[in-house]
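**Student:** Please find input19.cif (mmCIF, C-alpha atoms and all ligand atoms) on the next line:
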data_structure
loop_
_atom_site.label_atom_id
_atom_site.label_comp_id
_atom_site.auth_asym_id
_atom_site.auth_seq_id
_atom_site.Cartn_x
_atom_site.Cartn_y
_atom_site.Cartn_z
CA MET M 1 -38.54 44.06 7.16
CA GLU M 2 -35.59 41.69 7.02
CA CYS M 3 -31.90 42.49 7.11
CA VAL M 4 -29.98 41.16 4.12
CA PRO M 5 -26.71 39.47 5.04
CA VAL M 6 -23.84 40.38 2.72
CA PRO M 7 -20.41 38.79 2.31
CA ARG M 8 -17.21 40.66 3.22
CA ALA M 9 -15.35 42.49 0.49
CA SER M 10 -12.23 44.61 0.20
CA LEU M 11 -11.96 47.76 -1.88
CA ASP M 12 -8.31 46.83 -2.50
CA ASP M 13 -9.48 44.00 -4.76
CA TYR M 14 -10.70 46.65 -7.20
CA ALA M 15 -7.24 48.22 -7.67
CA PRO M 16 -6.45 46.16 -10.79
CA PHE M 17 -9.47 47.71 -12.49
CA VAL M 18 -9.50 51.31 -11.28
CA GLY M 19 -5.93 51.85 -10.09
CA PHE M 20 -4.36 52.38 -6.64
CA ASP M 21 -4.85 56.15 -6.75
CA ALA M 22 -8.61 55.79 -6.94
CA ILE M 23 -8.60 53.30 -4.05
CA LYS M 24 -6.49 55.68 -1.93
CA ARG M 25 -8.72 58.61 -2.77
CA ILE M 26 -11.89 56.70 -1.82
CA ARG M 27 -10.36 55.43 1.45
CA ASN M 28 -9.44 59.03 2.30
CA ILE M 29 -13.00 60.24 1.85
CA GLY M 30 -14.16 57.21 3.86
CA ARG M 31 -11.96 58.17 6.83
CA ASP M 32 -14.04 61.32 7.35
CA LEU M 33 -17.16 59.19 7.54
CA GLU M 34 -15.77 56.40 9.74
CA GLY M 35 -18.52 54.83 11.86
CA ALA M 36 -21.37 56.67 10.10
CA ARG M 37 -24.55 54.62 10.40
CA VAL M 38 -26.12 54.00 7.00
CA LEU M 39 -29.35 52.18 6.23
CA HIS M 40 -30.33 51.07 2.71
CA ILE M 41 -33.98 50.16 2.20
CA SER M 42 -35.11 48.34 -0.93
CA SER M 43 -37.90 46.01 -2.00
CA THR M 44 -36.04 42.78 -2.69
CA PRO M 45 -32.70 41.13 -1.89
CA TYR M 46 -32.35 39.54 -5.36
CA GLY M 47 -33.65 39.85 -8.93
CA GLY M 48 -33.25 43.07 -10.87
CA GLY M 49 -30.74 45.86 -10.88
CA VAL M 50 -31.21 47.44 -7.43
CA ALA M 51 -30.48 44.19 -5.61
CA GLU M 52 -27.50 43.64 -7.89
CA LEU M 53 -26.11 47.07 -7.03
CA LEU M 54 -26.57 46.78 -3.29
CA GLN M 55 -24.95 43.34 -3.19
CA ALA M 56 -21.76 45.08 -4.34
CA LEU M 57 -22.08 48.47 -2.67
CA VAL M 58 -23.05 47.46 0.88
CA PRO M 59 -19.97 45.25 1.52
CA LEU M 60 -17.66 47.99 0.19
CA MET M 61 -19.28 50.68 2.34
CA LYS M 62 -18.62 48.40 5.32
CA ASP M 63 -15.04 47.86 4.23
CA ILE M 64 -14.55 51.63 4.17
CA GLY M 65 -15.56 51.80 7.82
CA LEU M 66 -19.23 52.74 7.63
CA ASP M 67 -21.74 50.90 9.79
CA VAL M 68 -24.15 49.71 7.10
CA THR M 69 -27.45 47.84 7.28
CA TRP M 70 -29.59 46.76 4.31
CA GLN M 71 -33.25 46.04 4.98
CA VAL M 72 -35.80 44.73 2.48
CA MET M 73 -39.57 45.04 2.62
CA ASP M 74 -41.76 42.14 3.65
CA LYS M 75 -42.98 39.94 0.80
CA ASP M 76 -46.49 40.96 -0.21
CA THR M 77 -47.62 40.02 -3.73
CA ASP M 78 -50.65 42.35 -3.77
CA PHE M 79 -48.44 45.26 -2.75
CA PHE M 80 -45.84 44.41 -5.39
CA THR M 81 -48.56 44.14 -8.06
CA ILE M 82 -49.55 47.70 -7.17
CA THR M 83 -45.99 48.99 -7.03
CA LYS M 84 -45.30 47.48 -10.47
CA ILE M 85 -48.26 49.52 -11.77
CA LEU M 86 -46.84 52.57 -9.99
CA HIS M 87 -43.40 51.88 -11.48
CA ASN M 88 -44.91 51.63 -14.97
CA ALA M 89 -47.04 54.74 -14.49
CA LEU M 90 -44.07 56.75 -13.22
CA GLN M 91 -42.10 55.75 -16.31
CA GLY M 92 -44.89 57.05 -18.51
CA MET M 93 -46.95 53.97 -19.37
CA GLY M 94 -50.71 54.57 -19.48
CA ALA M 95 -52.01 52.80 -16.38
CA ILE M 96 -54.90 52.94 -14.00
CA TRP M 97 -53.80 54.53 -10.74
CA VAL M 98 -56.69 54.85 -8.27
CA PRO M 99 -57.05 55.90 -4.60
CA GLU M 100 -57.54 52.26 -3.43
CA MET M 101 -54.03 51.53 -4.69
CA GLU M 102 -52.67 54.47 -2.72
CA THR M 103 -54.39 53.13 0.39
CA LYS M 104 -52.88 49.65 -0.01
CA TYR M 105 -49.49 51.16 -0.80
CA MET M 106 -49.58 53.30 2.35
CA GLU M 107 -50.76 50.38 4.52
CA SER M 108 -47.80 48.23 3.47
CA ASN M 109 -45.35 51.09 3.93
CA ARG M 110 -46.77 51.73 7.41
CA LEU M 111 -46.23 48.10 8.40
CA ASN M 112 -42.68 48.15 7.08
CA ALA M 113 -41.91 51.50 8.72
CA LYS M 114 -42.47 49.90 12.12
CA ASP M 115 -39.35 47.81 11.55
CA ILE M 116 -37.06 50.81 11.26
CA THR M 117 -35.48 50.86 14.64
CA GLY M 118 -32.23 52.42 15.71
CA ASP M 119 -30.67 55.69 14.72
CA PHE M 120 -29.03 56.27 11.38
CA ASP M 121 -26.98 59.13 10.01
CA PHE M 122 -28.02 58.40 6.41
CA VAL M 123 -30.97 56.41 5.11
CA VAL M 124 -31.02 55.61 1.39
CA VAL M 125 -34.44 54.51 0.15
CA HIS M 126 -34.37 52.83 -3.23
CA ASP M 127 -37.17 53.35 -5.76
CA PRO M 128 -40.90 53.93 -5.26
CA GLN M 129 -41.80 50.79 -3.28
CA PRO M 130 -40.59 51.96 0.19
CA ALA M 131 -40.67 55.70 -0.58
CA ALA M 132 -43.47 56.54 1.88
CA ILE M 133 -41.50 55.36 4.92
CA ALA M 134 -39.89 58.78 5.42
CA SER M 135 -43.20 60.67 5.54
CA ILE M 136 -44.75 57.98 7.76
CA LEU M 137 -41.93 58.36 10.29
CA ASP M 138 -42.32 62.14 10.07
CA GLU M 139 -45.94 61.76 11.19
CA GLY M 140 -44.87 59.75 14.25
CA SER M 141 -41.81 60.05 16.40
CA GLY M 142 -39.97 61.73 13.54
CA ARG M 143 -37.11 60.46 11.44
CA LYS M 144 -33.50 60.92 12.36
CA GLY M 145 -30.57 61.52 10.05
CA LYS M 146 -30.51 62.53 6.43
CA TRP M 147 -32.94 60.73 4.13
CA ILE M 148 -32.09 60.22 0.48
CA TRP M 149 -34.36 58.78 -2.21
CA ARG M 150 -32.36 56.87 -4.84
CA CYS M 151 -34.53 56.75 -7.94
CA HIS M 152 -33.47 54.16 -10.50
CA LEU M 153 -36.34 55.06 -12.84
CA ASP M 154 -36.78 57.55 -15.64
CA LEU M 155 -39.27 60.11 -14.28
CA SER M 156 -38.98 62.52 -17.20
CA ASN M 157 -42.53 61.83 -18.43
CA PRO M 158 -44.60 60.36 -15.60
CA MET M 159 -48.35 59.79 -15.57
CA PRO M 160 -49.64 62.89 -13.66
CA GLU M 161 -51.81 61.05 -11.05
CA ALA M 162 -48.98 58.68 -10.11
CA TRP M 163 -46.42 61.46 -10.01
CA SER M 164 -48.50 63.77 -7.83
CA PHE M 165 -48.86 60.91 -5.32
CA MET M 166 -45.12 60.11 -5.36
CA LYS M 167 -44.15 63.78 -5.20
CA SER M 168 -46.18 64.27 -2.02
CA LEU M 169 -44.13 61.49 -0.39
CA LEU M 170 -40.82 62.97 -1.45
CA ASP M 171 -41.22 66.23 0.47
CA SER M 172 -39.83 64.41 3.51
CA TYR M 173 -36.47 63.73 1.85
CA ASP M 174 -33.26 65.72 2.14
CA ALA M 175 -32.06 64.69 -1.32
CA ALA M 176 -32.92 62.55 -4.33
CA ILE M 177 -30.44 60.79 -6.63
CA PHE M 178 -31.14 60.26 -10.33
CA THR M 179 -29.14 58.41 -12.97
CA THR M 180 -29.13 61.41 -15.32
CA SER M 181 -30.40 64.96 -14.83
CA VAL M 182 -33.08 64.52 -17.51
CA TYR M 183 -34.77 61.84 -15.37
CA ALA M 184 -35.56 64.29 -12.56
CA PRO M 185 -38.98 65.96 -12.78
CA SER M 186 -38.64 69.75 -12.89
CA ASP M 187 -41.24 70.30 -10.16
CA LEU M 188 -39.46 68.14 -7.57
CA ASP M 189 -38.59 70.41 -4.68
CA VAL M 190 -35.73 68.39 -3.17
CA HIS M 191 -31.97 68.73 -3.53
CA ILE M 192 -30.98 66.63 -6.55
CA GLU M 193 -27.82 64.57 -7.01
CA VAL M 194 -26.96 62.92 -10.32
CA PHE M 195 -24.84 59.82 -10.73
CA PRO M 196 -25.34 56.54 -12.57
CA PRO M 197 -25.24 53.04 -11.09
CA SER M 198 -22.43 50.55 -11.63
CA ILE M 199 -21.50 46.92 -12.12
CA ASP M 200 -19.24 44.87 -9.90
CA PRO M 201 -16.11 43.58 -11.69
CA VAL M 202 -15.30 41.10 -8.90
CA SER M 203 -18.74 39.51 -8.71
CA PRO M 204 -19.06 35.92 -10.02
CA LYS M 205 -21.29 37.48 -12.67
CA ASN M 206 -18.47 39.56 -14.13
CA LEU M 207 -15.21 37.73 -13.40
CA PRO M 208 -13.48 35.98 -16.30
CA LEU M 209 -14.50 32.34 -16.73
CA GLY M 210 -12.50 29.65 -18.51
CA LYS M 211 -13.74 28.50 -21.91
CA GLU M 212 -14.38 25.03 -20.55
CA VAL M 213 -16.67 26.34 -17.81
CA VAL M 214 -18.53 28.54 -20.29
CA ASN M 215 -18.99 25.66 -22.72
CA THR M 216 -20.13 23.25 -20.02
CA VAL M 217 -22.72 25.65 -18.62
CA VAL M 218 -24.10 26.75 -21.98
CA SER M 219 -24.21 23.33 -23.63
CA GLY M 220 -25.86 22.00 -20.46
CA TYR M 221 -28.94 24.00 -21.42
CA GLY M 222 -29.03 22.47 -24.91
CA ILE M 223 -27.22 25.25 -26.81
CA ASP M 224 -25.15 24.09 -29.79
CA LEU M 225 -21.67 25.57 -29.30
CA ASN M 226 -20.93 25.35 -33.03
CA ARG M 227 -23.75 27.68 -34.01
CA PRO M 228 -24.04 31.47 -33.56
CA LEU M 229 -25.77 32.70 -30.43
CA LEU M 230 -27.80 35.80 -29.56
CA VAL M 231 -28.50 36.49 -25.86
CA GLN M 232 -30.78 38.90 -23.99
CA VAL M 233 -30.60 38.93 -20.18
CA SER M 234 -33.53 40.63 -18.41
CA ARG M 235 -36.70 40.26 -16.43
CA PHE M 236 -39.73 39.28 -18.55
CA ASP M 237 -41.19 42.74 -18.92
CA PRO M 238 -42.87 44.46 -21.89
CA TRP M 239 -40.35 47.30 -21.69
CA LYS M 240 -37.47 44.87 -22.22
CA ASP M 241 -39.33 44.01 -25.46
CA PRO M 242 -38.67 40.26 -25.69
CA LEU M 243 -41.32 40.03 -28.45
CA GLY M 244 -39.37 42.60 -30.47
CA VAL M 245 -36.21 40.56 -29.92
CA ILE M 246 -37.95 37.48 -31.35
CA GLY M 247 -39.08 39.60 -34.32
CA ALA M 248 -35.50 40.73 -34.97
CA PHE M 249 -34.25 37.18 -34.48
CA GLU M 250 -36.66 35.88 -37.16
CA ILE M 251 -35.37 38.45 -39.65
CA VAL M 252 -31.71 37.56 -38.97
CA LYS M 253 -32.43 33.84 -38.94
CA SER M 254 -33.82 34.06 -42.47
CA GLU M 255 -30.24 35.05 -43.49
CA ILE M 256 -28.35 32.89 -40.96
CA PRO M 257 -30.53 29.81 -40.35
CA THR M 258 -28.22 28.31 -37.73
CA LEU M 259 -28.72 31.26 -35.34
CA GLN M 260 -29.93 30.51 -31.78
CA LEU M 261 -31.55 32.93 -29.28
CA VAL M 262 -31.45 32.67 -25.49
CA PHE M 263 -33.48 34.76 -23.04
CA LEU M 264 -32.26 34.68 -19.47
CA GLY M 265 -34.84 36.20 -17.19
CA SER M 266 -34.82 36.13 -13.43
CA MET M 267 -38.13 36.23 -11.61
CA ALA M 268 -37.91 39.04 -9.05
CA ILE M 269 -40.15 38.98 -5.95
CA ASP M 270 -41.23 42.58 -6.55
CA ASP M 271 -42.24 41.89 -10.16
CA PRO M 272 -45.30 39.60 -10.17
CA GLU M 273 -45.93 40.67 -13.78
CA GLY M 274 -42.81 38.69 -14.76
CA PHE M 275 -44.57 35.32 -14.59
CA HIS M 276 -47.33 36.54 -16.87
CA TYR M 277 -44.94 38.08 -19.38
CA TYR M 278 -42.80 34.94 -19.37
CA ARG M 279 -45.89 33.05 -20.61
CA VAL M 280 -46.61 35.74 -23.24
CA THR M 281 -43.02 35.42 -24.49
CA ALA M 282 -43.15 31.62 -24.47
CA GLU M 283 -46.37 31.73 -26.51
CA ARG M 284 -44.75 34.04 -29.10
CA ALA M 285 -41.64 31.80 -29.24
CA LYS M 286 -43.45 28.50 -29.46
CA ASP M 287 -43.32 28.15 -33.25
CA VAL M 288 -39.96 29.83 -33.72
CA PRO M 289 -37.14 27.27 -33.77
CA ASP M 290 -34.02 27.66 -31.64
CA VAL M 291 -35.41 30.12 -29.06
CA PHE M 292 -34.62 29.21 -25.44
CA LEU M 293 -36.28 30.80 -22.39
CA LEU M 294 -34.31 30.18 -19.19
CA THR M 295 -35.00 31.52 -15.71
CA ASN M 296 -33.62 31.36 -12.19
CA THR M 297 -36.22 28.65 -11.56
CA GLN M 298 -34.03 26.49 -13.85
CA GLY M 299 -30.94 27.19 -11.83
CA ILE M 300 -29.74 30.26 -13.73
CA GLY M 301 -27.60 32.15 -11.23
CA ASN M 302 -24.74 34.62 -11.54
CA ILE M 303 -22.23 32.20 -13.06
CA ALA M 304 -24.72 31.02 -15.66
CA VAL M 305 -25.55 34.65 -16.59
CA ASN M 306 -21.82 35.30 -16.89
CA ALA M 307 -21.32 32.17 -19.03
CA PHE M 308 -24.14 33.05 -21.42
CA GLN M 309 -22.97 36.65 -21.79
CA LEU M 310 -19.47 35.34 -22.55
CA ALA M 311 -20.74 32.70 -24.97
CA ALA M 312 -22.90 35.14 -26.94
CA ASP M 313 -21.76 36.27 -30.36
CA VAL M 314 -24.01 39.28 -29.95
CA VAL M 315 -25.79 40.52 -26.81
CA VAL M 316 -29.07 42.33 -27.36
CA GLN M 317 -30.94 44.58 -24.95
CA LYS M 318 -33.81 45.80 -27.06
CA SER M 319 -35.48 47.85 -24.32
CA ILE M 320 -38.12 50.42 -25.27
CA ARG M 321 -37.96 52.14 -21.85
CA GLU M 322 -35.17 51.66 -19.34
CA GLY M 323 -33.81 53.03 -16.08
CA PHE M 324 -30.12 52.34 -16.61
CA GLY M 325 -29.82 48.76 -17.91
CA LEU M 326 -26.96 47.19 -15.94
CA VAL M 327 -26.97 44.25 -18.34
CA VAL M 328 -25.54 46.48 -21.05
CA SER M 329 -22.47 47.34 -18.95
CA GLU M 330 -22.17 43.68 -17.92
CA ALA M 331 -21.96 42.64 -21.57
CA LEU M 332 -19.63 45.49 -22.58
CA TRP M 333 -17.35 44.62 -19.66
CA LYS M 334 -17.04 41.17 -21.23
CA ARG M 335 -15.97 42.84 -24.49
CA LYS M 336 -19.18 41.82 -26.21
CA ALA M 337 -20.77 43.24 -29.32
CA VAL M 338 -23.98 44.81 -28.03
CA VAL M 339 -27.09 45.98 -29.89
CA ALA M 340 -29.43 47.86 -27.56
CA GLY M 341 -32.45 50.14 -27.48
CA ASN M 342 -31.71 53.85 -27.74
CA VAL M 343 -33.51 54.60 -24.48
CA GLY M 344 -32.99 55.40 -20.81
CA GLY M 345 -29.47 54.95 -19.50
CA ILE M 346 -28.34 52.84 -22.45
CA PRO M 347 -26.94 55.79 -24.49
CA LEU M 348 -24.76 56.67 -21.48
CA GLN M 349 -23.15 53.25 -21.85
CA ILE M 350 -22.99 52.81 -25.62
CA GLU M 351 -21.47 55.34 -27.91
CA ASP M 352 -23.32 54.45 -31.10
CA GLY M 353 -21.08 52.79 -33.67
CA VAL M 354 -18.06 52.95 -31.33
CA SER M 355 -18.87 50.69 -28.38
CA GLY M 356 -21.94 48.96 -29.80
CA PHE M 357 -25.10 49.99 -31.64
CA LEU M 358 -28.17 51.92 -30.44
CA VAL M 359 -31.36 50.96 -32.26
CA ASN M 360 -34.90 52.31 -32.52
CA SER M 361 -36.82 49.49 -34.21
CA ILE M 362 -37.01 45.75 -34.75
CA GLU M 363 -35.66 46.14 -38.30
CA GLU M 364 -32.72 48.25 -37.16
CA CYS M 365 -31.99 45.74 -34.42
CA ALA M 366 -31.96 42.90 -36.97
CA GLU M 367 -29.73 44.91 -39.32
CA LYS M 368 -27.11 45.61 -36.64
CA VAL M 369 -27.14 42.05 -35.30
CA LEU M 370 -26.60 40.78 -38.83
CA PHE M 371 -23.78 43.28 -39.34
CA PHE M 372 -22.03 42.06 -36.17
CA LEU M 373 -22.50 38.38 -37.06
CA ASN M 374 -20.91 38.99 -40.45
CA ASN M 375 -18.06 41.17 -39.09
CA PRO M 376 -15.96 39.54 -36.39
CA GLU M 377 -13.45 42.44 -36.47
CA ALA M 378 -16.20 44.95 -35.66
CA ARG M 379 -17.36 42.72 -32.81
CA GLU M 380 -13.88 42.69 -31.42
CA SER M 381 -13.04 46.38 -31.79
CA MET M 382 -16.37 47.66 -30.44
CA GLY M 383 -16.21 45.10 -27.64
CA ARG M 384 -12.79 46.46 -26.66
CA ALA M 385 -14.06 50.05 -26.71
CA GLY M 386 -17.07 49.04 -24.61
CA ARG M 387 -14.89 47.41 -21.96
CA GLU M 388 -12.83 50.61 -21.63
CA ARG M 389 -15.90 52.82 -21.37
CA VAL M 390 -17.27 50.65 -18.55
CA ARG M 391 -13.90 50.58 -16.80
CA GLU M 392 -13.75 54.37 -16.79
CA ARG M 393 -17.36 55.12 -15.83
CA PHE M 394 -19.47 52.25 -14.58
CA LEU M 395 -17.61 50.15 -11.99
CA THR M 396 -18.62 49.97 -8.31
CA PRO M 397 -15.77 52.12 -6.86
CA ARG M 398 -16.97 55.17 -8.82
CA ASN M 399 -20.49 54.69 -7.48
CA LEU M 400 -19.14 54.23 -3.96
CA GLU M 401 -17.13 57.45 -4.26
CA ASN M 402 -20.25 59.35 -5.41
CA TYR M 403 -22.16 58.13 -2.34
CA LEU M 404 -19.33 58.99 0.04
CA GLU M 405 -18.93 62.47 -1.40
CA MET M 406 -22.65 63.04 -1.10
CA PHE M 407 -22.67 61.82 2.53
CA LYS M 408 -19.75 64.12 3.31
CA ARG M 409 -21.47 67.13 1.80
CA MET M 410 -24.64 66.33 3.71
CA SER M 411 -22.75 65.90 7.02
CA SER M 412 -21.19 69.31 6.66
CA GLU M 413 -24.65 70.78 6.01
CA LYS M 414 -25.71 69.10 9.26
CA SER M 415 -22.98 70.74 11.32
CA GLU M 416 -23.69 74.13 9.72
CA ASP M 417 -27.37 73.70 10.64
CA VAL M 418 -26.56 73.07 14.29
N1 LIG M 501 -30.28 39.26 -14.00
C1 LIG M 501 -29.91 38.03 -13.48
N2 LIG M 501 -30.49 36.92 -13.97
C2 LIG M 501 -31.41 36.96 -14.96
C3 LIG M 501 -31.80 38.23 -15.48
C4 LIG M 501 -31.20 39.37 -14.96
O1 LIG M 501 -29.05 37.94 -12.60
O2 LIG M 501 -31.91 35.91 -15.36
C5 LIG M 501 -29.57 40.46 -13.49
C6 LIG M 501 -28.74 41.12 -14.57
O3 LIG M 501 -27.51 40.42 -14.74
C7 LIG M 501 -28.59 42.53 -14.02
C8 LIG M 501 -29.92 42.75 -13.31
O4 LIG M 501 -30.48 41.46 -13.07
O5 LIG M 501 -27.52 42.59 -13.10
C9 LIG M 501 -30.88 43.56 -14.15
O6 LIG M 501 -30.56 44.91 -14.04
P1 LIG M 501 -30.99 45.97 -15.14
O7 LIG M 501 -30.56 47.30 -14.68
O8 LIG M 501 -30.46 45.56 -16.49
O9 LIG M 501 -32.58 45.86 -15.25
P2 LIG M 501 -33.76 45.96 -14.16
O10 LIG M 501 -34.18 44.54 -13.90
O11 LIG M 501 -33.23 46.64 -12.94
O12 LIG M 501 -34.82 46.71 -14.88
#
Step by step, read the file and then write its structure as C-alpha cells.
Ligand code: UDP

**Tutor:**
Amino acid sequence: MECVPVPRASLDDYAPFVGFDAIKRIRNIGRDLEGARVLHISSTPYGGGVAELLQALVPLMKDIGLDVTWQVMDKDTDFFTITKILHNALQGMGAIWVPEMETKYMESNRLNAKDITGDFDFVVVHDPQPAAIASILDEGSGRKGKWIWRCHLDLSNPMPEAWSFMKSLLDSYDAAIFTTSVYAPSDLDVHIEVFPPSIDPVSPKNLPLGKEVVNTVVSGYGIDLNRPLLVQVSRFDPWKDPLGVIGAFEIVKSEIPTLQLVFLGSMAIDDPEGFHYYRVTAERAKDVPDVFLLTNTQGIGNIAVNAFQLAADVVVQKSIREGFGLVVSEALWKRKAVVAGNVGGIPLQIEDGVSGFLVNSIEECAEKVLFFLNNPEARESMGRAGRERVRERFLTPRNLENYLEMFKRMSSEKSEDV
C-alpha cells in the first residue's frame, strides 16, 4: 500500500464559514487527542467521494494535532472489478457473487495487510474494498488500536450472499459508521455511529471563481456561454443514470432547443466499470445534439468541475441509488438550482421544493428542470436555501468534529477496559 501525501491546512481558515465558536470547540476536543496515531485506509487517492473526503479531512486532523497517515491499496484491476461487483451487490443490485471472487478478494487484502506496519490508536477503513484487513491481522500477530469501518454505501437492502461475506469480516471491528441509521443492516453486531460526509469549502473545487475564469474554462470545452446549460458531475455508472439524464434532456430540449448538457465524469482507479459505461453513455448520446461528455482524461480537474458547476443553469444528479452524493452539496454550496434523484443521502441534502427538487422519474426530472429554466427567481431562492443548508450541516469541520468525538468516546472505553 502507498501513503498518500496531503497538503497542509488550517482549521482556522474555516472560521468564515462555520464561525469561531465551532473552531474553538473542535480545537478543544482535539487537545484531548493530541498525538493520537490515526490510520485511514481506502482504495484510491483520487476519483469518487471517499478520496474527495479524505483529501480534506486528513490535513485537518493533522492540524488538530493528531498523527495521521492515509494509505491506499495497491492498484489491481481484477480486484477492483470484483469489488465493484461487491459494491453493487451490497447496494442491492442483482449480481453474481461466487466463492472464487471471495478468494481473490481475500488474496488482495492479505497482500495489502502486510503493509500495515506501526502501531495506531485508531484505524479507519473506508468501504468494502479493504474491509478484510482487520480480520486478517486478527489471524496473525493481532491488530492494535480501535478499528472502525466507515461505510459510505447504503446497506439497507443488500444481496444476501454478498452481505453474509461482508458481515463475517466486520466482526473484527470496534465500530462502524454509516451516513444515516437506515443504511445500517439490523443484523450487524458492531457498535454503530451515524454521521454524514461533508464537502470542503476551501478546496479549489468549492471556492468562488471569477466569472472570467468560469467563462474561459467552460467555453474552452466548446460550450456556448449564451445558451442554457445543464450539468451532471459523476462517475459513469448505471446508478448515476446518465441515460436517464439524456432522456430528460431530450424532453426539455423539445421545449428549449438551445439547451446544452454536459457530463463531467472522472475515471476512478477502483471503478473499472466506468470506462465501459462511458462508452454506453457516448453511444446513447451520439445522435442527440449538444451533449458533451468530458472526463479527467481531458484535463477536467477540481477547478474545471467548480467552473462547470458554477456555469450551470441547473445541476442534475439523477441517481437511482446513491451513498451520499457529495456532488449535490457541492452544487448547493454554489447556490445552484439542483434537480436530483430521491434516493440515498440526497434527501438529507435537499428539502424538496425548498432547496431544490427530488425526483423519481425521467419525466419528473424533465418537468423540474424546465420549471427552473423558466423561473430564474426560483433558481435563486432555492439556491440560497441550499447554500445555507450545506453551511449548517455538510461542511468538513462538522465531519471532523464527529470523528474526534467518536475517537474520544472510544479512548475512554479503552481506559475503562484496562
Ligand atoms: N468528481 C470529480 N470529477 C469528475 C466527477 C466527479 O472531481 O469528473 C468528484 C465530485 O466533484 C465529487 C466526487 O467526485 O466530489 C463524487 O462523489 P459522490 O459522493 O457524488 O459520488 P461517488 O463517486 O462517491 O459515488

**Student:** For stretch 41-43 of chain M, please output as a list of chain:residue names all residues within 6 Å (counting all atoms listed in the file; exclusion window: fewer than 5 positions along the same chain).

**Tutor:**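 Non-adjacent residues within range: M:Trp70, M:Gln71, M:Val72, M:Met73, M:Val125, M:His126.
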
**Student:** Up to 10 Å from (-51.2, 45.7, -7.0) in the file's coordinates: name the residues, counting only C-alpha atoms, as a CSV table (one decimal) with C-alpha atoms, in the coordinates of the input.

**Tutor:**
chain,number,residue,atom,x,y,z
M,76,ASP,CA,-46.5,41.0,-0.2
M,77,THR,CA,-47.6,40.0,-3.7
M,78,ASP,CA,-50.6,42.4,-3.8
M,79,PHE,CA,-48.4,45.3,-2.8
M,80,PHE,CA,-45.8,44.4,-5.4
M,81,THR,CA,-48.6,44.1,-8.1
M,82,ILE,CA,-49.6,47.7,-7.2
M,83,THR,CA,-46.0,49.0,-7.0
M,84,LYS,CA,-45.3,47.5,-10.5
M,85,ILE,CA,-48.3,49.5,-11.8
M,86,LEU,CA,-46.8,52.6,-10.0
M,97,TRP,CA,-53.8,54.5,-10.7
M,100,GLU,CA,-57.5,52.3,-3.4
M,101,MET,CA,-54.0,51.5,-4.7
M,102,GLU,CA,-52.7,54.5,-2.7
M,104,LYS,CA,-52.9,49.6,0.0
M,105,TYR,CA,-49.5,51.2,-0.8
M,272,PRO,CA,-45.3,39.6,-10.2
M,273,GLU,CA,-45.9,40.7,-13.8

**Student:** Using only C-alpha atoms for the distances, tell me which of M:Leu169, M:Val58, M:Ile251, M:Val288 is nearest to M:Ser10.

**Tutor:**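 Counting only C-alpha atoms, the residue closest to M:Ser10 is M:Val58.
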
**Student:** Out of M:Asp12, M:Asp115, M:Asp237, M:Asp290, which residue has the shortest atom-to-atom distance to ligand LIG 501 (chain M) when counting only C-alpha atoms and all ligand atoms?

**Tutor:** M:Asp237

**Student:** What residues of the protein or nucleic acid chains come within 6 Å of ligand LIG 501 (chain M) when you use only C-alpha atoms and all ligand atoms? Reply as a PDB file with C-alpha atoms, in the coordinates of the input.

**Tutor:**
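Final file, selection_0.pdb:
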ATOM      1  CA  GLY M  47     -33.650  39.850  -8.930  1.00  0.00           C
ATOM      2  CA  GLY M  48     -33.250  43.070 -10.870  1.00  0.00           C
ATOM      3  CA  GLY M  49     -30.740  45.860 -10.880  1.00  0.00           C
ATOM      4  CA  VAL M  50     -31.210  47.440  -7.430  1.00  0.00           C
ATOM      5  CA  GLU M  52     -27.500  43.640  -7.890  1.00  0.00           C
ATOM      6  CA  VAL M 233     -30.600  38.930 -20.180  1.00  0.00           C
ATOM      7  CA  SER M 234     -33.530  40.630 -18.410  1.00  0.00           C
ATOM      8  CA  ARG M 235     -36.700  40.260 -16.430  1.00  0.00           C
ATOM      9  CA  LEU M 264     -32.260  34.680 -19.470  1.00  0.00           C
ATOM     10  CA  GLY M 265     -34.840  36.200 -17.190  1.00  0.00           C
ATOM     11  CA  SER M 266     -34.820  36.130 -13.430  1.00  0.00           C
ATOM     12  CA  THR M 295     -35.000  31.520 -15.710  1.00  0.00           C
ATOM     13  CA  ASN M 296     -33.620  31.360 -12.190  1.00  0.00           C
ATOM     14  CA  ASN M 302     -24.740  34.620 -11.540  1.00  0.00           C
ATOM     15  CA  PHE M 324     -30.120  52.340 -16.610  1.00  0.00           C
ATOM     16  CA  GLY M 325     -29.820  48.760 -17.910  1.00  0.00           C
ATOM     17  CA  LEU M 326     -26.960  47.190 -15.940  1.00  0.00           C
ATOM     18  CA  VAL M 327     -26.970  44.250 -18.340  1.00  0.00           C
TER      19      VAL M 327
END

**Student:** For each of M:Asn226, M:Gly244, M:Val231, M:Arg284, take the minimum atom-to-atom distance to M:Phe263, counting only C-alpha atoms, then give the residue where this is smallest.

**Tutor:** M:Val231

**Student:** Please report the interatomic distance between atom CA of M:Gln232 and atom CA of M:Gly386 in Å with one decimal.

**Tutor:**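 Atom-to-atom, atom CA of M:Gln232 and atom CA of M:Gly386 are spaced 17.1 Å apart.
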
**Student:** Hey, can you check how far atom CA of M:Met159 sits from atom CA of M:Gly92?

**Tutor:**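 For atom CA of M:Met159 relative to atom CA of M:Gly92, the distance reads 5.3 Å.
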
**Student:** Would you please work out which residue, of M:Ile26, M:Leu310, M:Cys365, M:Ala131, is nearest to M:Asn215 when using all atoms listed in the file?

**Tutor:**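 Looking at the shortest contact to M:Asn215, the residue is M:Leu310.
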
**Student:** So that I can look at just that part, could you write stretch 137-150 of chain M with C-alpha atoms, as an mmCIF file, in the first residue's frame?

**Tutor:**
data_model
loop_
_atom_site.group_PDB
_atom_site.id
_atom_site.type_symbol
_atom_site.label_atom_id
_atom_site.label_comp_id
_atom_site.auth_asym_id
_atom_site.auth_seq_id
_atom_site.Cartn_x
_atom_site.Cartn_y
_atom_site.Cartn_z
ATOM 1 C CA LEU M 137 -4.466 -9.054 11.140
ATOM 2 C CA ASP M 138 -6.539 -10.737 13.847
ATOM 3 C CA GLU M 139 -5.496 -14.124 12.449
ATOM 4 C CA GLY M 140 -1.804 -13.160 12.658
ATOM 5 C CA SER M 141 0.006 -11.036 15.170
ATOM 6 C CA GLY M 142 -3.249 -9.314 16.053
ATOM 7 C CA ARG M 143 -4.361 -5.772 15.398
ATOM 8 C CA LYS M 144 -3.680 -2.918 17.744
ATOM 9 C CA GLY M 145 -5.889 0.059 18.496
ATOM 10 C CA LYS M 146 -9.531 0.610 17.752
ATOM 11 C CA TRP M 147 -10.715 -0.353 14.269
ATOM 12 C CA ILE M 148 -13.606 1.474 12.662
ATOM 13 C CA TRP M 149 -15.300 0.611 9.371
ATOM 14 C CA ARG M 150 -16.572 3.745 7.602
#
